[in-house]
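Next comes query36.cif, with mmCIF, C-alpha atoms.
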data_my_file
#
loop_
_atom_site.group_PDB
_atom_site.id
_atom_site.type_symbol
_atom_site.label_atom_id
_atom_site.label_comp_id
_atom_site.auth_asym_id
_atom_site.auth_seq_id
_atom_site.Cartn_x
_atom_site.Cartn_y
_atom_site.Cartn_z
ATOM 1 C CA GLN A 1 -15.188 -11.463 -6.211
ATOM 2 C CA VAL A 2 -11.578 -10.358 -6.545
ATOM 3 C CA GLN A 3 -9.504 -11.938 -3.813
ATOM 4 C CA LEU A 4 -5.857 -12.314 -2.839
ATOM 5 C CA VAL A 5 -5.095 -15.143 -0.425
ATOM 6 C CA GLN A 6 -1.676 -15.114 1.222
ATOM 7 C CA SER A 7 0.315 -17.912 2.795
ATOM 8 C CA GLY A 8 0.627 -18.377 6.539
ATOM 9 C CA GLY A 9 2.961 -16.727 8.992
ATOM 10 C CA GLU A 10 6.635 -17.607 9.188
ATOM 11 C CA VAL A 11 9.346 -17.506 11.839
ATOM 12 C CA LYS A 12 12.888 -17.338 10.502
ATOM 13 C CA LYS A 13 16.376 -16.974 11.902
ATOM 14 C CA PRO A 14 18.619 -14.073 10.900
ATOM 15 C CA GLY A 15 20.383 -14.802 7.627
ATOM 16 C CA ALA A 16 17.683 -17.157 6.374
ATOM 17 C CA SER A 17 15.281 -16.618 3.474
ATOM 18 C CA VAL A 18 11.498 -16.491 3.347
ATOM 19 C CA LYS A 19 9.081 -16.968 0.461
ATOM 20 C CA VAL A 20 5.531 -15.655 0.734
ATOM 21 C CA SER A 21 2.788 -16.563 -1.730
ATOM 22 C CA CYS A 22 -0.262 -14.629 -2.884
ATOM 23 C CA LYS A 23 -2.949 -16.507 -4.838
ATOM 24 C CA ALA A 24 -5.286 -14.375 -6.922
ATOM 25 C CA SER A 25 -8.832 -15.191 -7.939
ATOM 26 C CA GLY A 26 -11.826 -13.427 -9.452
ATOM 27 C CA TYR A 27 -9.949 -11.623 -12.230
ATOM 28 C CA THR A 28 -7.656 -12.245 -15.179
ATOM 29 C CA PHE A 29 -4.272 -12.518 -13.498
ATOM 30 C CA PRO A 30 -2.053 -11.439 -16.448
ATOM 31 C CA ASN A 31 -3.996 -8.184 -16.831
ATOM 32 C CA TYR A 32 -2.765 -6.699 -13.555
ATOM 33 C CA GLY A 33 0.448 -6.412 -11.607
ATOM 34 C CA ILE A 34 1.031 -7.371 -7.980
ATOM 35 C CA THR A 35 2.579 -4.931 -5.514
ATOM 36 C CA TRP A 36 4.197 -5.954 -2.233
ATOM 37 C CA VAL A 37 4.001 -3.643 0.792
ATOM 38 C CA ARG A 38 5.259 -4.348 4.292
ATOM 39 C CA GLN A 39 4.505 -2.903 7.688
ATOM 40 C CA ALA A 40 6.837 -3.314 10.658
ATOM 41 C CA PRO A 41 5.216 -3.522 14.102
ATOM 42 C CA GLY A 42 3.702 -0.179 15.033
ATOM 43 C CA GLN A 43 5.086 1.452 11.889
ATOM 44 C CA GLY A 44 3.754 2.761 8.592
ATOM 45 C CA LEU A 45 3.512 1.218 5.152
ATOM 46 C CA GLU A 46 6.626 0.564 3.073
ATOM 47 C CA TRP A 47 6.479 -0.131 -0.662
ATOM 48 C CA MET A 48 8.716 -3.066 -1.619
ATOM 49 C CA GLY A 49 8.122 -3.238 -5.350
ATOM 50 C CA TRP A 50 5.945 -4.855 -7.946
ATOM 51 C CA ILE A 51 5.778 -7.439 -10.679
ATOM 52 C CA THR A 52 3.646 -7.224 -13.798
ATOM 53 C CA GLY A 53 1.228 -10.027 -14.429
ATOM 54 C CA TYR A 54 1.730 -10.473 -18.163
ATOM 55 C CA ASN A 55 5.511 -10.563 -18.578
ATOM 56 C CA GLY A 56 6.982 -10.673 -15.078
ATOM 57 C CA ASN A 57 8.787 -7.346 -15.264
ATOM 58 C CA THR A 58 9.821 -6.167 -11.827
ATOM 59 C CA ASN A 59 10.557 -2.882 -10.080
ATOM 60 C CA TYR A 60 12.111 -3.180 -6.633
ATOM 61 C CA ALA A 61 12.583 -0.557 -3.937
ATOM 62 C CA GLN A 62 16.188 0.603 -3.947
ATOM 63 C CA LYS A 63 16.828 -0.366 -0.331
ATOM 64 C CA LEU A 64 15.863 -3.986 -1.032
ATOM 65 C CA GLN A 65 17.777 -4.443 -4.292
ATOM 66 C CA GLY A 66 19.863 -7.605 -4.166
ATOM 67 C CA ARG A 67 17.846 -9.221 -1.351
ATOM 68 C CA VAL A 68 14.382 -9.426 -2.909
ATOM 69 C CA THR A 69 12.914 -11.425 -5.762
ATOM 70 C CA MET A 70 9.316 -11.221 -6.943
ATOM 71 C CA SER A 71 7.935 -13.848 -9.284
ATOM 72 C CA THR A 72 4.655 -15.169 -10.644
ATOM 73 C CA ASP A 73 3.184 -18.460 -11.790
ATOM 74 C CA THR A 74 0.470 -17.570 -14.274
ATOM 75 C CA SER A 75 -0.718 -21.180 -14.441
ATOM 76 C CA THR A 76 -1.896 -20.916 -10.823
ATOM 77 C CA SER A 77 -2.430 -17.117 -10.686
ATOM 78 C CA THR A 78 0.039 -16.905 -7.834
ATOM 79 C CA ALA A 79 2.631 -14.266 -7.020
ATOM 80 C CA TYR A 80 5.641 -14.864 -4.808
ATOM 81 C CA LEU A 81 7.888 -12.669 -2.708
ATOM 82 C CA GLU A 82 11.285 -13.996 -1.645
ATOM 83 C CA LEU A 83 13.431 -12.041 0.797
ATOM 84 C CA ARG A 84 16.945 -13.252 1.572
ATOM 85 C CA SER A 85 19.550 -12.558 4.250
ATOM 86 C CA LEU A 86 16.822 -11.757 6.725
ATOM 87 C CA ARG A 87 17.502 -9.321 9.551
ATOM 88 C CA SER A 88 15.516 -8.497 12.650
ATOM 89 C CA ASP A 89 14.243 -5.305 11.046
ATOM 90 C CA ASP A 90 12.586 -7.391 8.322
ATOM 91 C CA THR A 91 10.064 -8.466 10.961
ATOM 92 C CA ALA A 92 6.785 -7.184 9.550
ATOM 93 C CA VAL A 93 3.426 -7.976 8.065
ATOM 94 C CA TYR A 94 3.840 -8.449 4.320
ATOM 95 C CA TYR A 95 0.900 -7.538 2.086
ATOM 96 C CA CYS A 96 0.314 -8.295 -1.564
ATOM 97 C CA ALA A 97 -2.060 -6.056 -3.484
ATOM 98 C CA ARG A 98 -3.379 -5.834 -7.022
ATOM 99 C CA ARG A 99 -1.653 -3.024 -8.894
ATOM 100 C CA LEU A 100 -3.297 -0.631 -11.321
ATOM 101 C CA ALA A 101 -1.322 1.767 -13.488
ATOM 102 C CA GLU A 102 -2.528 5.215 -14.532
ATOM 103 C CA ALA A 103 -0.875 6.258 -17.789
ATOM 104 C CA GLY A 104 2.433 7.283 -16.245
ATOM 105 C CA MET A 105 0.806 9.405 -13.561
ATOM 106 C CA GLY A 106 0.665 6.880 -10.780
ATOM 107 C CA TYR A 107 0.153 3.389 -9.524
ATOM 108 C CA TYR A 108 -2.241 2.243 -6.875
ATOM 109 C CA MET A 109 -3.498 -0.859 -5.128
ATOM 110 C CA ASP A 110 -7.212 -1.580 -5.199
ATOM 111 C CA VAL A 111 -7.452 -5.034 -3.619
ATOM 112 C CA TRP A 112 -5.239 -6.237 -0.781
ATOM 113 C CA GLY A 113 -4.448 -9.585 0.774
ATOM 114 C CA LYS A 114 -4.884 -10.012 4.522
ATOM 115 C CA GLY A 115 -1.154 -10.043 5.123
ATOM 116 C CA THR A 116 1.504 -12.555 6.145
ATOM 117 C CA THR A 117 3.426 -12.087 9.385
ATOM 118 C CA VAL A 118 7.149 -12.774 9.130
ATOM 119 C CA ILE A 119 9.127 -12.796 12.352
ATOM 120 C CA VAL A 120 12.916 -12.810 12.229
ATOM 121 C CA SER A 121 14.394 -13.889 15.516
ATOM 122 C CA SER A 122 17.298 -15.961 16.766
ATOM 123 C CA GLN B 1 11.572 9.541 7.868
ATOM 124 C CA SER B 2 8.843 9.256 5.217
ATOM 125 C CA VAL B 3 9.099 11.024 1.865
ATOM 126 C CA LEU B 4 5.524 12.310 2.214
ATOM 127 C CA THR B 5 4.748 14.191 5.426
ATOM 128 C CA GLN B 6 1.532 13.683 7.361
ATOM 129 C CA PRO B 7 0.574 14.755 10.878
ATOM 130 C CA PRO B 8 0.931 11.750 13.191
ATOM 131 C CA SER B 9 -2.512 12.262 14.710
ATOM 132 C CA ALA B 10 -5.867 13.939 14.194
ATOM 133 C CA SER B 11 -9.100 13.898 16.125
ATOM 134 C CA GLY B 12 -12.686 15.019 16.020
ATOM 135 C CA THR B 13 -16.083 14.443 17.537
ATOM 136 C CA PRO B 14 -18.935 12.619 15.802
ATOM 137 C CA GLY B 15 -20.468 14.726 13.067
ATOM 138 C CA GLN B 16 -17.453 17.004 12.724
ATOM 139 C CA ARG B 17 -15.329 17.548 9.632
ATOM 140 C CA VAL B 18 -11.666 16.572 9.850
ATOM 141 C CA THR B 19 -8.865 17.220 7.370
ATOM 142 C CA ILE B 20 -5.587 15.311 7.054
ATOM 143 C CA SER B 21 -2.745 16.889 5.116
ATOM 144 C CA CYS B 22 -0.013 15.263 3.051
ATOM 145 C CA SER B 23 3.002 17.260 1.928
ATOM 146 C CA GLY B 24 5.455 16.184 -0.737
ATOM 147 C CA SER B 25 7.639 17.619 -3.472
ATOM 148 C CA SER B 26 7.759 18.238 -7.204
ATOM 149 C CA SER B 27 8.999 14.705 -7.856
ATOM 150 C CA ASN B 28 5.986 13.027 -6.270
ATOM 151 C CA ILE B 29 2.766 14.903 -5.452
ATOM 152 C CA GLY B 30 3.735 17.819 -7.673
ATOM 153 C CA SER B 31 3.801 15.669 -10.818
ATOM 154 C CA ASN B 32 1.732 12.560 -10.089
ATOM 155 C CA TYR B 33 -1.596 11.440 -8.686
ATOM 156 C CA VAL B 34 -2.191 11.107 -4.958
ATOM 157 C CA TYR B 35 -3.886 8.114 -3.355
ATOM 158 C CA TRP B 36 -5.294 7.610 0.123
ATOM 159 C CA TYR B 37 -5.598 4.368 2.060
ATOM 160 C CA GLN B 38 -7.530 3.619 5.243
ATOM 161 C CA GLN B 39 -6.280 0.968 7.649
ATOM 162 C CA LEU B 40 -8.703 -0.073 10.349
ATOM 163 C CA PRO B 41 -7.100 -1.625 13.449
ATOM 164 C CA GLY B 42 -5.722 -5.093 12.776
ATOM 165 C CA THR B 43 -6.717 -5.153 9.120
ATOM 166 C CA ALA B 44 -5.143 -4.658 5.712
ATOM 167 C CA PRO B 45 -5.155 -1.215 4.102
ATOM 168 C CA LYS B 46 -8.106 -0.302 1.908
ATOM 169 C CA LEU B 47 -8.138 2.081 -1.063
ATOM 170 C CA LEU B 48 -10.074 5.215 -0.124
ATOM 171 C CA ILE B 49 -9.239 7.812 -2.797
ATOM 172 C CA TYR B 50 -7.530 7.424 -6.172
ATOM 173 C CA ARG B 51 -6.418 9.896 -8.815
ATOM 174 C CA ASN B 52 -6.379 12.731 -6.251
ATOM 175 C CA ASP B 53 -10.102 12.983 -5.682
ATOM 176 C CA LEU B 54 -12.002 9.945 -6.939
ATOM 177 C CA ARG B 55 -13.749 7.432 -4.698
ATOM 178 C CA PRO B 56 -13.877 3.715 -5.487
ATOM 179 C CA SER B 57 -17.292 2.125 -5.501
ATOM 180 C CA GLY B 58 -18.520 1.600 -1.948
ATOM 181 C CA VAL B 59 -16.571 4.438 -0.335
ATOM 182 C CA PRO B 60 -19.007 6.929 1.226
ATOM 183 C CA ASP B 61 -19.087 10.450 -0.175
ATOM 184 C CA ARG B 62 -18.196 11.692 3.307
ATOM 185 C CA PHE B 63 -14.619 11.073 2.192
ATOM 186 C CA SER B 64 -13.079 13.507 -0.279
ATOM 187 C CA GLY B 65 -9.603 14.201 -1.599
ATOM 188 C CA SER B 66 -7.935 17.237 -3.080
ATOM 189 C CA LYS B 67 -4.537 18.248 -4.362
ATOM 190 C CA SER B 68 -2.822 21.575 -4.868
ATOM 191 C CA GLY B 69 0.767 21.913 -5.993
ATOM 192 C CA THR B 70 2.928 19.625 -3.860
ATOM 193 C CA SER B 71 0.328 19.025 -1.158
ATOM 194 C CA ALA B 72 -2.829 16.985 -0.833
ATOM 195 C CA SER B 73 -5.606 16.644 1.698
ATOM 196 C CA LEU B 74 -8.152 14.098 2.785
ATOM 197 C CA ALA B 75 -11.362 15.434 4.289
ATOM 198 C CA ILE B 76 -13.842 13.391 6.267
ATOM 199 C CA SER B 77 -17.188 15.004 6.961
ATOM 200 C CA GLY B 78 -19.917 13.767 9.270
ATOM 201 C CA LEU B 79 -17.304 11.930 11.331
ATOM 202 C CA ARG B 80 -18.372 8.526 12.648
ATOM 203 C CA SER B 81 -16.856 6.201 15.239
ATOM 204 C CA GLU B 82 -16.088 3.632 12.549
ATOM 205 C CA ASP B 83 -13.797 6.148 10.838
ATOM 206 C CA GLU B 84 -11.266 5.670 13.624
ATOM 207 C CA ALA B 85 -8.264 4.293 11.720
ATOM 208 C CA ASP B 86 -4.841 5.068 10.296
ATOM 209 C CA TYR B 87 -4.819 7.016 7.039
ATOM 210 C CA TYR B 88 -1.940 6.978 4.551
ATOM 211 C CA CYS B 89 -1.277 9.095 1.489
ATOM 212 C CA ALA B 90 0.818 7.710 -1.368
ATOM 213 C CA ALA B 91 2.218 8.799 -4.711
ATOM 214 C CA TRP B 92 4.694 7.743 -7.348
ATOM 215 C CA ASP B 93 8.078 9.430 -6.975
ATOM 216 C CA ASP B 94 9.884 10.128 -10.257
ATOM 217 C CA SER B 95 13.284 10.544 -8.595
ATOM 218 C CA LEU B 96 13.106 7.329 -6.570
ATOM 219 C CA SER B 97 11.231 5.407 -9.298
ATOM 220 C CA GLY B 98 9.008 3.965 -6.642
ATOM 221 C CA VAL B 99 5.827 4.444 -4.644
ATOM 222 C CA VAL B 100 6.235 6.576 -1.526
ATOM 223 C CA PHE B 101 3.891 6.647 1.448
ATOM 224 C CA GLY B 102 3.248 9.202 4.129
ATOM 225 C CA GLY B 103 4.022 8.151 7.673
ATOM 226 C CA GLY B 104 0.326 7.765 8.415
ATOM 227 C CA THR B 105 -2.171 9.728 10.497
ATOM 228 C CA LYS B 106 -4.001 8.077 13.366
ATOM 229 C CA LEU B 107 -7.541 9.443 13.493
ATOM 230 C CA THR B 108 -9.304 9.334 16.846
ATOM 231 C CA VAL B 109 -13.043 9.922 17.126
ATOM 232 C CA LEU B 110 -13.612 11.422 20.570
#
Output the file's structure as structure tokens, nothing else.
Amino acid sequence: QVQLVQSGGEVKKPGASVKVSCKASGYTFPNYGITWVRQAPGQGLEWMGWITGYNGNTNYAQKLQGRVTMSTDTSTSTAYLELRSLRSDDTAVYYCARRLAEAGMGYYMDVWGKGTTVIVSS
Amino acid sequence: QSVLTQPPSASGTPGQRVTISCSGSSSNIGSNYVYWYQQLPGTAPKLLIYRNDLRPSGVPDRFSGSKSGTSASLAISGLRSEDEADYYCAAWDDSLSGVVFGGGTKLTVL
């Protein structure tokens, strides 16, 4: 079955960087993109951006531009999210999800990973 | 402040029909598809409705979506205790060139 397995939780100090992995299985990795969504404690969902599976094109949320990098390793069907210059308000659960595109009318996520908790604290 | 506006809470008794609204603008709901996600406590979100009103395989037909102009709605009929969760609407926003979510609606089954 289609599955996304994320790396374990992280605790980082302000100013540090974190890299979260998301290993896909059960489907042809290059045929789909990966979206990253985060959720701060007690808050709603926030779209961070995506990366396409076949050529690595990215689209980042404006507020994260310059601090975020999404990448893939097609040889291992793994997507990565790197967030730099961490602040306390980056504390959140980070989800990867398989992205489907709908002919310019929308994008949605049909399979989600279980999430990776990132805590930023001094 | 979320780009899409949802009521923070909704409630109903078992068997009732509940509706959750999602209001946007011409740059998101007005010109693109709407999606709904269900997040049970302590779990990852799950796709509930795609392309405004379609259900993925495995989603009960008690859940239905609709869209009109710049607003959308999620209806849950025959409410069950296991429907108690947070519900989020989402859409692509042409002006922001990104996906926008509603703030989420916490559904309580009384």
Can you work out which residues from chain B touch chain A at a cut-off of 10 Å (counting all atoms listed in the file) and hand them back as a ChimeraX atom specification? /B:2,28-29,31-37,42-51,56,86-94,96-105
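Atom to atom, atom CA of Lys106 of chain B and atom CA of Ser81 of chain B stand 13.1 Å apart.
Using only C-alpha atoms, the nearest neighbour of Val59 of chain B within the list B:Gln16, B:Gln38, B:Ser71, B:Gln6 is B:Gln38.
Interatomic distance, atom CA of Gly8 of chain A to atom CA of Pro30 of chain A: 24.2 Å.
Within 12 Å of the point (-20.0, 10.2, 10.3) in file coordinates, and counting all atoms listed in the file, lie the residues Gly12, Thr13, Pro14, Gly15, Gln16, Arg17, Val18, Pro60, Asp61, Arg62, Phe63, Ala75, Ile76, Ser77, Gly78, Leu79, Arg80, Ser81, Glu82, Asp83, Glu84 and Val109 of chain B.
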Axis-aligned box for all listed atoms of segment 62-71 of chain A, 4 Å per side, centre and edges in Å to one decimal, as AutoDock Vina command-line options:
--center_x 13.9 --center_y -6.6 --center_z -4.8 --size_x 19.9 --size_y 22.5 --size_z 17.0
Some atoms are missing, so please complete segment 97-108 of chain A with all heavy atoms and return it as a PDB file, in the coordinates of the input.
ATOM      1  N   ALA A  97      -0.917  -6.847  -3.047  1.00  0.00           N
ATOM      2  CA  ALA A  97      -2.060  -6.056  -3.484  1.00  0.00           C
ATOM      3  C   ALA A  97      -2.075  -5.996  -4.997  1.00  0.00           C
ATOM      4  O   ALA A  97      -1.012  -5.973  -5.637  1.00  0.00           O
ATOM      5  CB  ALA A  97      -1.995  -4.650  -2.888  1.00  0.00           C
ATOM      6  N   ARG A  98      -3.264  -5.945  -5.574  1.00  0.00           N
ATOM      7  CA  ARG A  98      -3.379  -5.834  -7.022  1.00  0.00           C
ATOM      8  C   ARG A  98      -3.015  -4.406  -7.436  1.00  0.00           C
ATOM      9  O   ARG A  98      -3.485  -3.433  -6.843  1.00  0.00           O
ATOM     10  CB  ARG A  98      -4.805  -6.172  -7.484  1.00  0.00           C
ATOM     11  CG  ARG A  98      -4.923  -6.290  -8.980  1.00  0.00           C
ATOM     12  CD  ARG A  98      -6.286  -6.784  -9.394  1.00  0.00           C
ATOM     13  NE  ARG A  98      -7.322  -5.767  -9.266  1.00  0.00           N
ATOM     14  CZ  ARG A  98      -8.529  -5.863  -9.827  1.00  0.00           C
ATOM     15  NH1 ARG A  98      -8.823  -6.944 -10.546  1.00  0.00           N
ATOM     16  NH2 ARG A  98      -9.432  -4.915  -9.666  1.00  0.00           N
ATOM     17  N   ARG A  99      -2.154  -4.328  -8.461  1.00  0.00           N
ATOM     18  CA  ARG A  99      -1.653  -3.024  -8.894  1.00  0.00           C
ATOM     19  C   ARG A  99      -2.369  -2.542 -10.142  1.00  0.00           C
ATOM     20  O   ARG A  99      -2.544  -3.293 -11.089  1.00  0.00           O
ATOM     21  CB  ARG A  99      -0.154  -3.128  -9.183  1.00  0.00           C
ATOM     22  CG  ARG A  99       0.510  -1.803  -9.514  1.00  0.00           C
ATOM     23  CD  ARG A  99       1.787  -1.988 -10.291  1.00  0.00           C
ATOM     24  NE  ARG A  99       1.519  -2.223 -11.719  1.00  0.00           N
ATOM     25  CZ  ARG A  99       2.350  -1.928 -12.694  1.00  0.00           C
ATOM     26  NH1 ARG A  99       3.509  -1.388 -12.412  1.00  0.00           N
ATOM     27  NH2 ARG A  99       2.040  -2.184 -13.949  1.00  0.00           N
ATOM     28  N   LEU A 100      -2.762  -1.283 -10.137  1.00  0.00           N
ATOM     29  CA  LEU A 100      -3.297  -0.631 -11.321  1.00  0.00           C
ATOM     30  C   LEU A 100      -2.401   0.532 -11.700  1.00  0.00           C
ATOM     31  O   LEU A 100      -1.922   1.258 -10.835  1.00  0.00           O
ATOM     32  CB  LEU A 100      -4.724  -0.121 -11.077  1.00  0.00           C
ATOM     33  CG  LEU A 100      -5.821  -1.185 -11.087  1.00  0.00           C
ATOM     34  CD1 LEU A 100      -5.927  -1.849  -9.724  1.00  0.00           C
ATOM     35  CD2 LEU A 100      -7.154  -0.569 -11.489  1.00  0.00           C
ATOM     36  N   ALA A 101      -2.173   0.687 -12.993  1.00  0.00           N
ATOM     37  CA  ALA A 101      -1.322   1.767 -13.488  1.00  0.00           C
ATOM     38  C   ALA A 101      -2.178   2.841 -14.132  1.00  0.00           C
ATOM     39  O   ALA A 101      -3.216   2.530 -14.738  1.00  0.00           O
ATOM     40  CB  ALA A 101      -0.321   1.209 -14.506  1.00  0.00           C
ATOM     41  N   GLU A 102      -1.746   4.084 -14.024  1.00  0.00           N
ATOM     42  CA  GLU A 102      -2.528   5.215 -14.532  1.00  0.00           C
ATOM     43  C   GLU A 102      -1.716   6.064 -15.500  1.00  0.00           C
ATOM     44  O   GLU A 102      -1.333   7.185 -15.192  1.00  0.00           O
ATOM     45  CB  GLU A 102      -3.035   6.074 -13.392  1.00  0.00           C
ATOM     46  CG  GLU A 102      -3.944   5.346 -12.437  1.00  0.00           C
ATOM     47  CD  GLU A 102      -5.037   6.231 -11.899  1.00  0.00           C
ATOM     48  OE1 GLU A 102      -4.782   6.900 -10.881  1.00  0.00           O
ATOM     49  OE2 GLU A 102      -6.145   6.262 -12.467  1.00  0.00           O
ATOM     50  N   ALA A 103      -1.444   5.512 -16.666  1.00  0.00           N
ATOM     51  CA  ALA A 103      -0.875   6.258 -17.789  1.00  0.00           C
ATOM     52  C   ALA A 103       0.301   7.132 -17.386  1.00  0.00           C
ATOM     53  O   ALA A 103       0.362   8.312 -17.732  1.00  0.00           O
ATOM     54  CB  ALA A 103      -1.967   7.110 -18.457  1.00  0.00           C
ATOM     55  N   GLY A 104       1.222   6.562 -16.607  1.00  0.00           N
ATOM     56  CA  GLY A 104       2.433   7.283 -16.245  1.00  0.00           C
ATOM     57  C   GLY A 104       2.265   8.318 -15.158  1.00  0.00           C
ATOM     58  O   GLY A 104       3.221   9.023 -14.822  1.00  0.00           O
ATOM     59  N   MET A 105       1.058   8.406 -14.604  1.00  0.00           N
ATOM     60  CA  MET A 105       0.806   9.405 -13.561  1.00  0.00           C
ATOM     61  C   MET A 105       0.697   8.790 -12.178  1.00  0.00           C
ATOM     62  O   MET A 105       0.513   9.482 -11.195  1.00  0.00           O
ATOM     63  CB  MET A 105      -0.492  10.159 -13.885  1.00  0.00           C
ATOM     64  CG  MET A 105      -0.390  11.068 -15.077  1.00  0.00           C
ATOM     65  SD  MET A 105       0.621  12.532 -14.712  1.00  0.00           S
ATOM     66  CE  MET A 105      -0.461  13.415 -13.588  1.00  0.00           C
ATOM     67  N   GLY A 106       0.745   7.481 -12.102  1.00  0.00           N
ATOM     68  CA  GLY A 106       0.665   6.880 -10.780  1.00  0.00           C
ATOM     69  C   GLY A 106       0.324   5.411 -10.827  1.00  0.00           C
ATOM     70  O   GLY A 106      -0.028   4.867 -11.876  1.00  0.00           O
ATOM     71  N   TYR A 107       0.484   4.798  -9.684  1.00  0.00           N
ATOM     72  CA  TYR A 107       0.153   3.389  -9.524  1.00  0.00           C
ATOM     73  C   TYR A 107      -0.546   3.249  -8.185  1.00  0.00           C
ATOM     74  O   TYR A 107      -0.144   3.895  -7.218  1.00  0.00           O
ATOM     75  CB  TYR A 107       1.423   2.539  -9.529  1.00  0.00           C
ATOM     76  CG  TYR A 107       2.253   2.697 -10.781  1.00  0.00           C
ATOM     77  CD1 TYR A 107       3.224   3.695 -10.875  1.00  0.00           C
ATOM     78  CD2 TYR A 107       2.057   1.859 -11.876  1.00  0.00           C
ATOM     79  CE1 TYR A 107       3.972   3.854 -12.023  1.00  0.00           C
ATOM     80  CE2 TYR A 107       2.809   2.010 -13.026  1.00  0.00           C
ATOM     81  CZ  TYR A 107       3.756   3.005 -13.092  1.00  0.00           C
ATOM     82  OH  TYR A 107       4.495   3.154 -14.240  1.00  0.00           O
ATOM     83  N   TYR A 108      -1.574   2.419  -8.150  1.00  0.00           N
ATOM     84  CA  TYR A 108      -2.241   2.243  -6.875  1.00  0.00           C
ATOM     85  C   TYR A 108      -2.694   0.810  -6.715  1.00  0.00           C
ATOM     86  O   TYR A 108      -2.613   0.006  -7.641  1.00  0.00           O
ATOM     87  CB  TYR A 108      -3.409   3.219  -6.710  1.00  0.00           C
ATOM     88  CG  TYR A 108      -4.570   3.048  -7.658  1.00  0.00           C
ATOM     89  CD1 TYR A 108      -5.745   2.433  -7.235  1.00  0.00           C
ATOM     90  CD2 TYR A 108      -4.510   3.542  -8.956  1.00  0.00           C
ATOM     91  CE1 TYR A 108      -6.824   2.308  -8.091  1.00  0.00           C
ATOM     92  CE2 TYR A 108      -5.578   3.411  -9.819  1.00  0.00           C
ATOM     93  CZ  TYR A 108      -6.740   2.805  -9.383  1.00  0.00           C
ATOM     94  OH  TYR A 108      -7.819   2.673 -10.230  1.00  0.00           O
TER      95      TYR A 108
END
